[in-house]
file entry.tsv (TSV, C-alpha atoms)
chain	number	residue	atom	x	y	z
A	30	MET	CA	-24.19	-47.87	-110.51
A	31	GLU	CA	-27.93	-47.44	-110.95
A	32	LEU	CA	-29.22	-44.58	-108.78
A	33	MET	CA	-32.85	-44.13	-109.88
A	34	ARG	CA	-35.48	-46.35	-111.48
A	35	SER	CA	-38.68	-45.47	-113.30
A	36	PRO	CA	-41.04	-48.44	-113.33
A	37	SER	CA	-44.53	-47.96	-114.70
A	38	GLN	CA	-47.09	-47.53	-111.96
A	39	GLY	CA	-49.07	-50.46	-113.32
A	40	SER	CA	-46.07	-52.78	-113.01
A	41	LEU	CA	-46.13	-52.34	-109.22
A	42	PHE	CA	-49.80	-53.27	-108.79
A	43	PRO	CA	-50.77	-56.95	-108.92
A	44	SER	CA	-53.04	-58.32	-111.61
A	45	PRO	CA	-56.40	-59.83	-110.64
A	46	ASP	CA	-55.36	-62.92	-112.60
A	47	CYS	CA	-52.63	-65.45	-111.89
A	48	LYS	CA	-49.59	-65.22	-114.14
A	49	ALA	CA	-46.80	-67.78	-114.29
A	50	SER	CA	-43.36	-66.31	-113.65
A	51	THR	CA	-40.17	-67.05	-115.48
A	52	SER	CA	-38.28	-69.16	-113.01
A	53	ASN	CA	-35.65	-71.77	-112.29
A	54	ALA	CA	-36.31	-74.70	-114.62
A	55	ASN	CA	-35.14	-77.13	-111.96
A	56	SER	CA	-37.44	-75.83	-109.29
A	57	THR	CA	-39.07	-78.43	-107.08
A	58	LEU	CA	-42.17	-76.65	-105.89
A	59	LYS	CA	-44.22	-73.73	-107.14
A	60	LEU	CA	-44.46	-70.90	-104.63
A	61	VAL	CA	-47.52	-68.60	-104.47
A	62	HIS	CA	-48.52	-65.73	-102.19
A	63	LYS	CA	-51.20	-66.72	-99.70
A	64	HIS	CA	-53.47	-63.83	-100.68
A	65	GLY	CA	-52.64	-63.67	-104.41
A	66	PRO	CA	-54.83	-64.90	-107.30
A	67	CYS	CA	-52.54	-67.93	-107.79
A	68	SER	CA	-53.43	-69.13	-104.29
A	69	PRO	CA	-56.25	-71.60	-103.60
A	70	LEU	CA	-57.17	-69.29	-100.69
A	71	PHE	CA	-57.58	-66.18	-102.87
A	72	ASN	CA	-60.79	-64.23	-102.24
A	73	GLY	CA	-59.82	-60.75	-103.38
A	74	PRO	CA	-57.26	-58.14	-102.28
A	75	HIS	CA	-56.01	-58.54	-98.73
A	76	PRO	CA	-54.36	-55.65	-96.86
A	77	ILE	CA	-51.41	-56.01	-94.53
A	78	SER	CA	-53.05	-56.76	-91.24
A	79	ALA	CA	-52.56	-57.62	-87.61
A	80	GLU	CA	-51.18	-60.97	-88.78
A	81	ASP	CA	-47.87	-59.41	-89.74
A	82	ILE	CA	-47.68	-57.44	-86.51
A	83	ALA	CA	-48.45	-60.60	-84.55
A	84	ARG	CA	-45.69	-62.51	-86.31
A	85	ALA	CA	-43.07	-59.88	-85.50
A	86	LYS	CA	-44.21	-59.90	-81.87
A	87	TRP	CA	-43.99	-63.69	-81.82
A	88	ILE	CA	-40.44	-63.64	-83.18
A	89	ARG	CA	-39.34	-61.09	-80.60
A	90	SER	CA	-41.08	-62.94	-77.78
A	91	LYS	CA	-39.32	-66.11	-78.90
A	92	LEU	CA	-35.99	-64.32	-78.62
A	93	SER	CA	-36.78	-62.65	-75.32
A	94	GLY	CA	-38.02	-65.83	-73.70
A	95	THR	CA	-41.48	-64.42	-72.97
A	96	ASN	CA	-43.39	-66.75	-75.30
A	97	SER	CA	-46.39	-68.00	-73.36
A	98	ALA	CA	-46.17	-71.38	-75.07
A	99	ASP	CA	-43.29	-72.20	-72.73
A	100	ASN	CA	-45.91	-72.68	-70.02
A	101	LEU	CA	-47.36	-75.81	-71.58
A	102	LYS	CA	-48.99	-78.27	-69.21
A	103	ASP	CA	-49.12	-81.99	-69.82
A	104	SER	CA	-49.49	-82.82	-73.53
A	105	ALA	CA	-52.38	-80.59	-74.57
A	106	VAL	CA	-52.47	-76.90	-75.40
A	107	SER	CA	-55.49	-74.68	-75.87
A	108	ILE	CA	-54.96	-72.09	-78.58
A	109	GLN	CA	-57.49	-69.34	-79.19
A	110	ALA	CA	-57.93	-67.91	-82.68
A	111	LYS	CA	-56.89	-64.28	-82.42
A	112	TYR	CA	-54.80	-63.75	-85.56
A	113	GLY	CA	-54.77	-65.57	-88.85
A	114	PRO	CA	-51.49	-67.37	-89.49
A	115	GLY	CA	-48.60	-66.16	-91.51
A	116	GLY	CA	-49.26	-62.56	-92.50
A	117	GLY	CA	-48.03	-62.17	-96.06
A	118	SER	CA	-46.83	-65.76	-96.26
A	119	TYR	CA	-46.21	-67.97	-99.27
A	120	LEU	CA	-47.67	-71.39	-100.02
A	121	VAL	CA	-46.42	-74.55	-101.69
A	122	THR	CA	-48.43	-77.60	-102.76
A	123	ILE	CA	-46.94	-81.02	-102.11
A	124	GLY	CA	-48.06	-84.58	-102.77
A	125	LEU	CA	-48.33	-86.78	-99.69
A	126	GLY	CA	-49.29	-90.41	-99.28
A	127	THR	CA	-50.35	-93.24	-101.60
A	128	PRO	CA	-52.48	-92.56	-103.49
A	129	LYS	CA	-51.00	-89.08	-103.57
A	130	LYS	CA	-53.02	-86.31	-102.01
A	131	ASP	CA	-52.13	-82.70	-102.74
A	132	LEU	CA	-51.74	-80.54	-99.63
A	133	THR	CA	-51.20	-76.79	-99.49
A	134	LEU	CA	-48.64	-75.82	-96.84
A	135	LEU	CA	-47.31	-72.51	-95.60
A	136	PHE	CA	-43.60	-72.24	-96.32
A	137	ASP	CA	-41.70	-70.82	-93.34
A	138	THR	CA	-37.99	-70.29	-92.65
A	139	GLY	CA	-38.82	-69.29	-89.07
A	140	SER	CA	-40.40	-72.58	-87.96
A	141	ALA	CA	-38.78	-75.96	-87.50
A	142	LEU	CA	-41.62	-78.47	-87.51
A	143	THR	CA	-43.34	-79.65	-90.67
A	144	TRP	CA	-46.91	-80.66	-89.95
A	145	THR	CA	-50.21	-81.19	-91.72
A	146	GLN	CA	-53.86	-81.71	-90.85
A	147	SER	CA	-53.69	-85.15	-92.39
A	148	PRO	CA	-55.18	-87.82	-90.12
A	149	ALA	CA	-51.92	-89.72	-90.59
A	150	SER	CA	-49.91	-86.99	-88.92
A	151	CYS	CA	-48.66	-87.27	-85.37
A	152	LEU	CA	-50.67	-84.24	-84.29
A	153	ALA	CA	-54.41	-83.90	-84.55
A	154	ILE	CA	-55.38	-80.38	-85.66
A	155	ARG	CA	-58.85	-79.51	-84.46
A	156	LYS	CA	-60.89	-76.34	-84.61
A	157	PRO	CA	-59.01	-73.24	-83.37
A	158	SER	CA	-61.14	-73.07	-80.22
A	159	GLN	CA	-60.19	-76.61	-79.24
A	160	SER	CA	-56.92	-78.01	-77.99
A	161	LEU	CA	-54.17	-79.71	-79.98
A	162	THR	CA	-53.54	-83.22	-78.70
A	163	PRO	CA	-50.60	-85.48	-79.61
A	164	LEU	CA	-51.56	-88.85	-81.03
A	165	SER	CA	-49.59	-92.03	-81.58
A	166	PRO	CA	-47.72	-91.89	-84.88
A	167	ARG	CA	-49.04	-94.06	-87.69
A	168	PRO	CA	-46.83	-95.51	-90.44
A	169	MET	CA	-47.51	-93.77	-93.74
A	170	PRO	CA	-46.04	-93.99	-97.22
A	171	ILE	CA	-44.69	-90.71	-98.61
A	172	SER	CA	-44.81	-90.19	-102.33
A	173	LEU	CA	-42.41	-87.24	-102.37
A	174	ALA	CA	-38.90	-87.96	-101.12
A	175	LEU	CA	-38.74	-84.33	-100.09
A	176	LEU	CA	-41.16	-84.88	-97.22
A	177	HIS	CA	-39.67	-87.17	-94.60
A	178	LEU	CA	-42.49	-86.36	-92.23
A	179	ALA	CA	-42.60	-89.76	-90.63
A	180	LEU	CA	-38.88	-89.69	-89.90
A	181	SER	CA	-39.08	-86.16	-88.57
A	182	PHE	CA	-41.85	-86.97	-86.14
A	183	LEU	CA	-40.29	-90.30	-85.15
A	184	LEU	CA	-36.98	-88.64	-84.30
A	185	ALA	CA	-38.73	-86.03	-82.22
A	186	LEU	CA	-40.81	-88.63	-80.39
A	187	VAL	CA	-37.90	-90.97	-79.69
A	188	THR	CA	-35.57	-88.24	-78.42
A	189	ASN	CA	-38.00	-86.37	-76.23
A	190	LEU	CA	-41.73	-86.31	-76.83
A	191	ALA	CA	-42.46	-83.56	-74.36
A	192	ALA	CA	-39.70	-81.33	-75.75
A	193	ALA	CA	-40.88	-81.93	-79.31
A	194	ILE	CA	-44.42	-80.93	-78.49
A	195	ARG	CA	-43.29	-77.87	-76.56
A	196	HIS	CA	-41.05	-76.89	-79.49
A	197	ALA	CA	-43.89	-77.33	-81.96
A	198	PHE	CA	-46.31	-75.10	-80.12
A	199	THR	CA	-43.71	-72.52	-79.17
A	200	ASN	CA	-42.91	-72.14	-82.84
A	201	HIS	CA	-46.55	-71.94	-83.79
A	202	GLU	CA	-48.19	-69.75	-81.19
A	203	GLN	CA	-48.57	-67.17	-83.95
A	204	TRP	CA	-50.38	-69.68	-86.15
A	205	ARG	CA	-53.53	-69.37	-84.10
A	206	ALA	CA	-56.09	-70.34	-86.68
A	207	ILE	CA	-56.26	-72.66	-89.63
A	208	HIS	CA	-57.66	-70.85	-92.66
A	209	GLY	CA	-57.81	-73.16	-95.63
A	210	PHE	CA	-54.26	-74.50	-95.84
A	211	ALA	CA	-53.26	-77.92	-94.56
A	212	GLY	CA	-50.21	-77.18	-92.44
A	213	LEU	CA	-46.66	-75.90	-92.42
A	214	LEU	CA	-43.40	-76.62	-94.25
A	215	GLY	CA	-40.75	-75.68	-91.68
A	216	LEU	CA	-37.22	-74.88	-92.86
A	217	ALA	CA	-35.62	-73.30	-89.79
A	218	ARG	CA	-32.25	-74.31	-88.37
A	219	ASN	CA	-33.20	-77.17	-86.09
A	220	ARG	CA	-32.61	-80.92	-86.06
A	221	ILE	CA	-36.30	-81.73	-86.44
A	222	SER	CA	-36.80	-79.46	-89.46
A	223	LEU	CA	-37.20	-80.75	-93.00
A	224	LEU	CA	-33.87	-79.09	-93.81
A	225	GLU	CA	-32.06	-81.47	-91.46
A	226	GLN	CA	-34.23	-84.50	-92.17
A	227	SER	CA	-33.41	-84.25	-95.88
A	228	ALA	CA	-29.73	-83.33	-95.37
A	229	THR	CA	-28.39	-86.52	-96.94
A	230	LYS	CA	-30.38	-85.98	-100.11
A	231	TYR	CA	-30.20	-82.20	-100.49
A	232	GLY	CA	-27.07	-81.23	-98.58
A	233	ARG	CA	-28.79	-78.74	-96.23
A	234	LEU	CA	-29.31	-76.33	-99.10
A	235	PHE	CA	-32.46	-74.76	-100.49
A	236	SER	CA	-33.39	-71.64	-102.41
A	237	TYR	CA	-36.49	-69.71	-103.34
A	238	CYS	CA	-37.61	-66.77	-105.39
A	239	LEU	CA	-40.57	-64.61	-104.39
A	240	PRO	CA	-42.04	-62.94	-107.49
A	241	PRO	CA	-42.25	-59.14	-107.74
A	242	LEU	CA	-46.06	-59.27	-107.70
A	243	ILE	CA	-48.35	-61.47	-105.62
A	244	SER	CA	-50.26	-62.26	-108.82
A	245	SER	CA	-47.27	-64.27	-110.14
A	246	THR	CA	-45.68	-67.54	-109.12
A	247	GLY	CA	-42.24	-68.15	-107.66
A	248	TYR	CA	-40.38	-71.32	-106.74
A	249	LEU	CA	-38.82	-73.28	-103.91
A	250	THR	CA	-35.89	-75.54	-104.80
A	251	PHE	CA	-34.07	-78.13	-102.70
A	252	GLY	CA	-30.45	-78.99	-103.39
A	253	LYS	CA	-28.05	-77.28	-105.74
A	254	GLY	CA	-29.94	-77.79	-108.99
A	255	ASN	CA	-28.52	-76.64	-112.31
A	256	GLY	CA	-30.33	-73.37	-112.91
A	257	ARG	CA	-28.86	-71.15	-110.19
A	258	SER	CA	-28.28	-67.52	-111.08
A	259	THR	CA	-24.62	-66.72	-111.76
A	260	SER	CA	-25.13	-63.41	-109.97
A	261	VAL	CA	-25.59	-64.98	-106.51
A	262	ARG	CA	-23.40	-63.30	-103.90
A	263	PHE	CA	-23.14	-64.65	-100.35
A	264	THR	CA	-23.14	-63.26	-96.84
A	265	PRO	CA	-22.34	-65.38	-93.75
A	266	ILE	CA	-25.19	-66.70	-91.63
A	267	SER	CA	-24.99	-65.24	-88.15
A	268	THR	CA	-26.58	-66.64	-85.02
A	269	VAL	CA	-28.97	-64.44	-83.11
A	270	SER	CA	-27.77	-64.74	-79.53
A	271	GLN	CA	-31.11	-65.71	-78.01
A	272	SER	CA	-32.07	-68.36	-80.57
A	273	SER	CA	-30.23	-70.40	-83.18
A	274	ILE	CA	-33.42	-71.37	-85.00
A	275	PHE	CA	-33.59	-68.16	-87.07
A	276	TYR	CA	-31.30	-67.20	-89.95
A	277	GLY	CA	-29.24	-64.21	-88.90
A	278	ILE	CA	-27.63	-61.80	-91.39
A	279	ASN	CA	-25.49	-58.76	-90.67
A	280	ILE	CA	-26.56	-55.45	-92.22
A	281	ILE	CA	-23.58	-53.10	-92.44
A	282	GLY	CA	-25.23	-50.20	-94.25
A	283	ILE	CA	-28.08	-48.83	-96.37
A	284	SER	CA	-27.84	-46.47	-99.35
A	285	VAL	CA	-30.55	-44.41	-101.04
A	286	GLY	CA	-29.85	-43.28	-104.59
A	287	GLY	CA	-26.23	-44.34	-104.20
A	288	LYS	CA	-25.66	-42.25	-101.06
A	289	PRO	CA	-24.83	-44.16	-97.85
A	290	LEU	CA	-27.07	-43.23	-94.94
A	291	PRO	CA	-25.43	-41.84	-91.78
A	292	ILE	CA	-26.32	-44.79	-89.58
A	293	PRO	CA	-23.90	-45.79	-86.79
A	294	SER	CA	-22.74	-49.39	-87.27
A	295	THR	CA	-23.81	-50.25	-83.73
A	296	VAL	CA	-27.46	-49.64	-84.65
A	297	PHE	CA	-27.54	-52.93	-86.56
A	298	SER	CA	-25.02	-54.88	-84.52
A	299	ASN	CA	-26.60	-54.30	-81.10
A	300	ALA	CA	-29.67	-56.51	-81.54
A	301	GLY	CA	-28.91	-58.19	-84.86
A	302	THR	CA	-31.06	-58.97	-87.91
A	303	ILE	CA	-32.83	-62.07	-89.19
A	304	ILE	CA	-34.13	-62.81	-92.67
A	305	ASP	CA	-37.68	-64.22	-92.55
A	306	SER	CA	-39.94	-65.60	-95.25
A	307	GLY	CA	-43.13	-65.05	-93.22
A	308	THR	CA	-42.73	-61.39	-92.22
A	309	THR	CA	-44.00	-59.07	-94.93
A	310	ILE	CA	-42.42	-55.69	-94.21
A	311	THR	CA	-38.78	-55.14	-93.25
A	312	GLN	CA	-38.57	-53.67	-89.76
A	313	LEU	CA	-35.57	-51.47	-89.02
A	314	PRO	CA	-34.33	-49.85	-85.80
A	315	PRO	CA	-35.89	-46.36	-85.40
A	316	THR	CA	-32.52	-44.66	-85.99
A	317	ALA	CA	-32.03	-46.51	-89.29
A	318	TYR	CA	-35.63	-46.15	-90.38
A	319	SER	CA	-35.63	-42.40	-89.71
A	320	ALA	CA	-32.53	-41.94	-91.87
A	321	LEU	CA	-34.02	-44.06	-94.65
A	322	ARG	CA	-37.36	-42.25	-94.56
A	323	SER	CA	-35.73	-38.81	-94.62
A	324	ALA	CA	-33.52	-39.64	-97.62
A	325	PHE	CA	-36.41	-41.28	-99.48
A	326	ARG	CA	-38.75	-38.35	-98.91
A	327	GLN	CA	-36.11	-35.97	-100.19
A	328	ALA	CA	-35.61	-38.04	-103.35
A	329	MET	CA	-39.40	-38.23	-103.88
A	330	SER	CA	-40.07	-34.52	-103.24
A	331	LYS	CA	-41.65	-33.93	-106.64
A	332	TYR	CA	-44.55	-36.24	-105.74
A	333	ASN	CA	-47.46	-35.25	-103.53
A	334	MET	CA	-47.54	-37.04	-100.18
A	335	SER	CA	-50.82	-38.48	-98.97
A	336	ALA	CA	-52.15	-39.62	-95.62
A	337	PRO	CA	-50.38	-42.52	-93.90
A	338	ALA	CA	-51.82	-45.99	-94.38
A	339	SER	CA	-50.95	-48.20	-91.41
A	340	PRO	CA	-48.36	-49.58	-90.98
A	341	PHE	CA	-46.84	-47.13	-93.49
A	342	ASP	CA	-46.14	-43.49	-92.67
A	343	THR	CA	-44.64	-42.32	-96.00
A	344	CYS	CA	-47.22	-42.50	-98.77
A	345	TYR	CA	-47.73	-40.75	-102.12
A	346	ASP	CA	-50.68	-39.83	-104.29
A	347	LEU	CA	-49.67	-41.04	-107.75
A	348	SER	CA	-53.02	-40.56	-109.47
A	349	GLY	CA	-52.44	-39.36	-113.00
A	350	SER	CA	-48.89	-40.70	-113.09
A	351	THR	CA	-48.01	-43.49	-115.50
A	352	MET	CA	-44.38	-43.71	-114.40
A	353	VAL	CA	-42.85	-43.18	-110.97
A	354	THR	CA	-39.15	-42.45	-110.50
A	355	THR	CA	-37.81	-43.87	-107.24
A	356	PRO	CA	-34.31	-43.92	-105.78
A	357	VAL	CA	-32.56	-47.28	-105.70
A	358	ILE	CA	-32.37	-48.59	-102.14
A	359	THR	CA	-29.32	-50.75	-101.50
A	360	PHE	CA	-28.71	-52.98	-98.51
A	361	SER	CA	-25.10	-53.85	-97.75
A	362	PHE	CA	-24.45	-57.09	-95.88
A	363	ASN	CA	-21.35	-58.56	-94.36
A	364	GLY	CA	-19.22	-60.09	-97.09
A	365	PRO	CA	-19.41	-57.46	-98.25
A	366	ILE	CA	-22.27	-57.75	-100.74
A	367	ALA	CA	-24.74	-55.14	-102.00
A	368	VAL	CA	-28.38	-55.92	-102.78
A	369	ASP	CA	-30.29	-53.36	-104.87
A	370	LEU	CA	-33.95	-53.83	-104.03
A	371	ASP	CA	-36.40	-54.50	-106.82
A	372	PRO	CA	-38.89	-51.61	-107.27
A	373	SER	CA	-41.55	-53.92	-105.81
A	374	GLY	CA	-39.45	-53.99	-102.62
A	375	VAL	CA	-39.40	-50.20	-102.34
A	376	LEU	CA	-43.01	-49.10	-102.90
A	377	PHE	CA	-46.06	-50.94	-101.59
A	378	PRO	CA	-49.29	-50.35	-103.57
A	379	VAL	CA	-52.15	-49.56	-101.19
A	380	ASN	CA	-54.44	-48.97	-104.16
A	381	PRO	CA	-53.84	-48.15	-107.86
A	382	SER	CA	-53.15	-44.47	-107.10
A	383	LYS	CA	-51.54	-44.65	-103.65
A	384	MET	CA	-48.14	-46.15	-102.87
A	385	CYS	CA	-46.07	-46.15	-99.69
A	386	LEU	CA	-42.47	-46.70	-98.67
A	387	ALA	CA	-42.41	-50.43	-97.91
A	388	PHE	CA	-40.60	-50.31	-94.56
A	389	GLU	CA	-41.51	-49.74	-90.97
A	390	SER	CA	-39.77	-48.98	-87.71
A	391	SER	CA	-39.24	-51.55	-84.99
A	392	PRO	CA	-40.26	-50.46	-81.47
A	393	THR	CA	-36.77	-49.50	-80.24
A	394	ASP	CA	-33.13	-49.55	-81.38
A	395	SER	CA	-32.57	-52.50	-79.06
A	396	ASP	CA	-35.14	-54.64	-80.88
A	397	LEU	CA	-34.20	-57.21	-83.47
A	398	SER	CA	-34.41	-56.10	-87.13
A	399	ILE	CA	-36.36	-58.33	-89.54
A	400	TYR	CA	-35.56	-58.44	-93.27
A	401	GLY	CA	-39.01	-59.18	-94.67
A	402	ASN	CA	-40.24	-60.93	-97.77
A	403	ILE	CA	-41.23	-57.82	-99.75
A	404	GLN	CA	-37.59	-56.74	-99.84
A	405	GLN	CA	-36.58	-60.23	-101.02
A	406	ARG	CA	-38.82	-60.10	-104.09
A	407	SER	CA	-37.37	-61.04	-107.51
A	408	TYR	CA	-34.14	-62.33	-105.93
A	409	GLU	CA	-33.10	-65.94	-105.81
A	410	VAL	CA	-32.36	-66.33	-102.10
A	411	VAL	CA	-30.02	-69.27	-101.49
A	412	TYR	CA	-29.72	-70.86	-98.04
A	413	ASP	CA	-26.45	-72.79	-98.06
A	414	VAL	CA	-26.77	-73.87	-94.45
A	415	ALA	CA	-24.01	-76.45	-94.72
A	416	GLY	CA	-21.70	-73.69	-95.94
A	417	GLY	CA	-22.93	-71.23	-93.31
A	418	ARG	CA	-24.04	-68.61	-95.84
A	419	ILE	CA	-27.04	-67.00	-97.54
A	420	GLY	CA	-26.89	-65.75	-101.11
A	421	PHE	CA	-28.82	-63.22	-103.17
A	422	GLY	CA	-29.06	-63.50	-106.94
A	423	ALA	CA	-30.72	-60.73	-108.96
A	424	LYS	CA	-33.46	-61.54	-111.47
A	425	GLY	CA	-34.20	-64.92	-109.97
A	426	CYS	CA	-37.82	-64.70	-111.18
A	427	SER	CA	-40.09	-62.11	-112.75
call {"tool": "encode", "arguments": {"input": "entry.tsv", "output": "C-alpha cells"}}
result
Amino acid sequence: MELMRSPSQGSLFPSPDCKASTSNANSTLKLVHKHGPCSPLFNGPHPISAEDIARAKWIRSKLSGTNSADNLKDSAVSIQAKYGPGGGSYLVTIGLGTPKKDLTLLFDTGSALTWTQSPASCLAIRKPSQSLTPLSPRPMPISLALLHLALSFLLALVTNLAAAIRHAFTNHEQWRAIHGFAGLLGLARNRISLLEQSATKYGRLFSYCLPPLISSTGYLTFGKGNGRSTSVRFTPISTVSQSSIFYGINIIGISVGGKPLPIPSTVFSNAGTIIDSGTTITQLPPTAYSALRSAFRQAMSKYNMSAPASPFDTCYDLSGSTMVTTPVITFSFNGPIAVDLDPSGVLFPVNPSKMCLAFESSPTDSDLSIYGNIQQRSYEVVYDVAGGRIGFGAKGCS
C-alpha cells in the first residue's frame, strides 16, 4: 500500500499551453476545463470563485425544495446574471446540424436537459438580463447520433410542456449567465436527459476522465467502448432521498497515509453524498473535514504553513521546494472499493509557490456531501446507470 507520494511541485501547476493527454482511444468527445488553455474560453488563470459556491448552494436548495425556480409563472422566467455558470466545469465540442456546426457545451452530470443557443432549439436564449421564452420546436437534422436533441425536446413537450420548462429552469438557476459557450450537455438521471434519450444506442452507460491538470485534455465516452481500464472497481449508485436526479455514492471511510480517520459512520450516512462533475472542490461534513485536516497537517508538519486562501484554510509555502511529499488520501466507498486520490486531487496550486489542501467543509454535518471534480482527476469514472453502479479506474488519463 502506497502511503506517501512525492510529485514534483511543477507537475501540480498547469502549463500555460494546451497539452493533449494520453486517453481512451475509443473516446467520443474531447473534454477540456472551462478555464484551461485548451478551452476556447481561456483568457488566463482563473481562481475558484463564487461560481463554485453558488453551484453547491443550488444543489442543496434543489434537495431542500427551496429553489426559487419552483415559483415559475406562465412560460417565461427572468434570470438575472449574478454568477457565471459552472464553476470549474468541463467543456465538450459537438457537431450539430447539416451542414455541421461545432458547438461548445458544458458537460454536467447534475443537469438533465441538453440545450443550446442554436436558433433551431426549442428554447430561445437571450441576454442574461432578459427572460427565457419557450418557442415552438423546429425540425432539425442532427449530424451526431449522440445528440438526440429533437427527440428529447419533443418528448418533454408532448408529455408536459409546463413541467419540462419548470424542470429546465429549476436545473439551471445556477447557470445565470452565458459566457461564451453554447449550452449544456445534461447527463443526470432523468427521462429527458441525453443519457435516457440515447439508451438504445449506448445502454445508459458513459464514462469520462478529467486530466490531472487543467492544461491537458480528457475525454467523454458513450457506451462500453473497447479501451476501458482493467482497474475499474464499482460502487453502487445510491439515491439521495430528496432527489433522484443526482448520482449518489456512499462514502464509508477516509484514510490519510494509510491510517483510517476516526469518523463515525453516521457522519456520511445521515445526509448522503453525490458525485458531481460541475462542483470543483469536494465538500465534507465538518466532523469529517476536521479529522482530515488534522491528519493532513500532521503529515505535512515539515512544511511551513501560509495564510488561508479562500475557500481553503490549510495552505503551505513551498517556495524553494522542487518536490513535495504528501500523504496518500484514500476514499473508501460502499462495495467496498478504495480510491487513492491523484496528487492533483490532494493539493490545489494557488500560485507556483503556494498550495492548499483541496477540500472544504460543508456548512453542517446534516448537509449533503459533494464529491467534486478535482478529486476525480486522472480516474476513468464509469457511470453504468443500467447496472446501478459507478466505477473508478486509476490512470484513466494523464
call {"tool": "atom_distance", "arguments": {"input": "entry.tsv", "atom1": "atom CA of Thr138 of chain A", "atom2": "atom CA of Ala217 of chain A"}}
result
4.8 Å
call {"tool": "atom_distance", "arguments": {"input": "entry.tsv", "atom1": "atom CA of Ile123 of chain A", "atom2": "atom CA of Leu58 of chain A"}}
result
7.5 Å
call {"tool": "atom_distance", "arguments": {"input": "entry.tsv", "atom1": "atom CA of Tyr318 of chain A", "atom2": "atom CA of Ser390 of chain A"}}
result
5.7 Å
call {"tool": "residues_around", "arguments": {"input": "entry.tsv", "residues": "Leu224 of chain A", "least_positions_apart": "4", "cutoff": "9 Å", "atoms": "all atoms listed in the file", "output": "PyMOL selection string"}}
result
chain A and resi 141+215-220+228+231-235+251+414
call {"tool": "closest_residue", "arguments": {"input": "entry.tsv", "among": "A:Pro241, A:Pro337, A:Gly301, A:Pro381", "to": "Gly349 of chain A", "atoms": "all atoms listed in the file"}}
result
A:Pro381
call {"tool": "axis_aligned_box", "arguments": {"input": "entry.tsv", "around": "segment 263-272 of chain A", "padding_each_side": "6 Å", "output": "lines of an AutoDock Vina configuration file"}}
result
center_x = -27.2
center_y = -65.8
center_z = -89.2
size_x = 21.7
size_y = 17.1
size_z = 34.3
call {"tool": "closest_residue", "arguments": {"input": "entry.tsv", "among": "A:Leu214, A:Ala387, A:Ile221, A:Ile358", "to": "Gly286 of chain A", "atoms": "all atoms listed in the file"}}
result
A:Ile358
call {"tool": "decode", "arguments": {"input": "entry.tsv", "residues": "segment 244-248 of chain A", "atoms": "all heavy atoms", "output": "PDB file, in the first residue's frame"}}
result
ATOM      1  N   SER A 244      -4.521  22.161 -17.942  1.00  0.00           N
ATOM      2  CA  SER A 244      -3.863  22.476 -19.216  1.00  0.00           C
ATOM      3  C   SER A 244      -3.802  21.265 -20.132  1.00  0.00           C
ATOM      4  O   SER A 244      -3.189  21.323 -21.193  1.00  0.00           O
ATOM      5  CB  SER A 244      -2.455  23.014 -18.959  1.00  0.00           C
ATOM      6  OG  SER A 244      -1.719  22.131 -18.133  1.00  0.00           O
ATOM      7  N   SER A 245      -4.428  20.145 -19.741  1.00  0.00           N
ATOM      8  CA  SER A 245      -4.457  18.941 -20.570  1.00  0.00           C
ATOM      9  C   SER A 245      -5.895  18.603 -20.939  1.00  0.00           C
ATOM     10  O   SER A 245      -6.848  19.147 -20.382  1.00  0.00           O
ATOM     11  CB  SER A 245      -3.822  17.761 -19.816  1.00  0.00           C
ATOM     12  OG  SER A 245      -2.469  18.018 -19.508  1.00  0.00           O
ATOM     13  N   THR A 246      -6.044  17.687 -21.866  1.00  0.00           N
ATOM     14  CA  THR A 246      -7.367  17.276 -22.312  1.00  0.00           C
ATOM     15  C   THR A 246      -7.749  15.937 -21.697  1.00  0.00           C
ATOM     16  O   THR A 246      -6.899  15.105 -21.397  1.00  0.00           O
ATOM     17  CB  THR A 246      -7.429  17.151 -23.842  1.00  0.00           C
ATOM     18  OG1 THR A 246      -6.471  16.168 -24.275  1.00  0.00           O
ATOM     19  CG2 THR A 246      -7.111  18.488 -24.510  1.00  0.00           C
ATOM     20  N   GLY A 247      -9.047  15.745 -21.519  1.00  0.00           N
ATOM     21  CA  GLY A 247      -9.579  14.464 -21.076  1.00  0.00           C
ATOM     22  C   GLY A 247     -10.534  13.941 -22.121  1.00  0.00           C
ATOM     23  O   GLY A 247     -10.459  14.330 -23.294  1.00  0.00           O
ATOM     24  N   TYR A 248     -11.472  13.083 -21.709  1.00  0.00           N
ATOM     25  CA  TYR A 248     -12.405  12.534 -22.692  1.00  0.00           C
ATOM     26  C   TYR A 248     -13.735  12.193 -22.046  1.00  0.00           C
ATOM     27  O   TYR A 248     -13.846  11.990 -20.835  1.00  0.00           O
ATOM     28  CB  TYR A 248     -11.821  11.296 -23.382  1.00  0.00           C
ATOM     29  CG  TYR A 248     -11.475  10.149 -22.442  1.00  0.00           C
ATOM     30  CD1 TYR A 248     -12.443   9.255 -21.992  1.00  0.00           C
ATOM     31  CD2 TYR A 248     -10.159   9.958 -22.022  1.00  0.00           C
ATOM     32  CE1 TYR A 248     -12.130   8.208 -21.150  1.00  0.00           C
ATOM     33  CE2 TYR A 248      -9.822   8.913 -21.176  1.00  0.00           C
ATOM     34  CZ  TYR A 248     -10.811   8.034 -20.742  1.00  0.00           C
ATOM     35  OH  TYR A 248     -10.493   6.994 -19.903  1.00  0.00           O
TER      36      TYR A 248
END
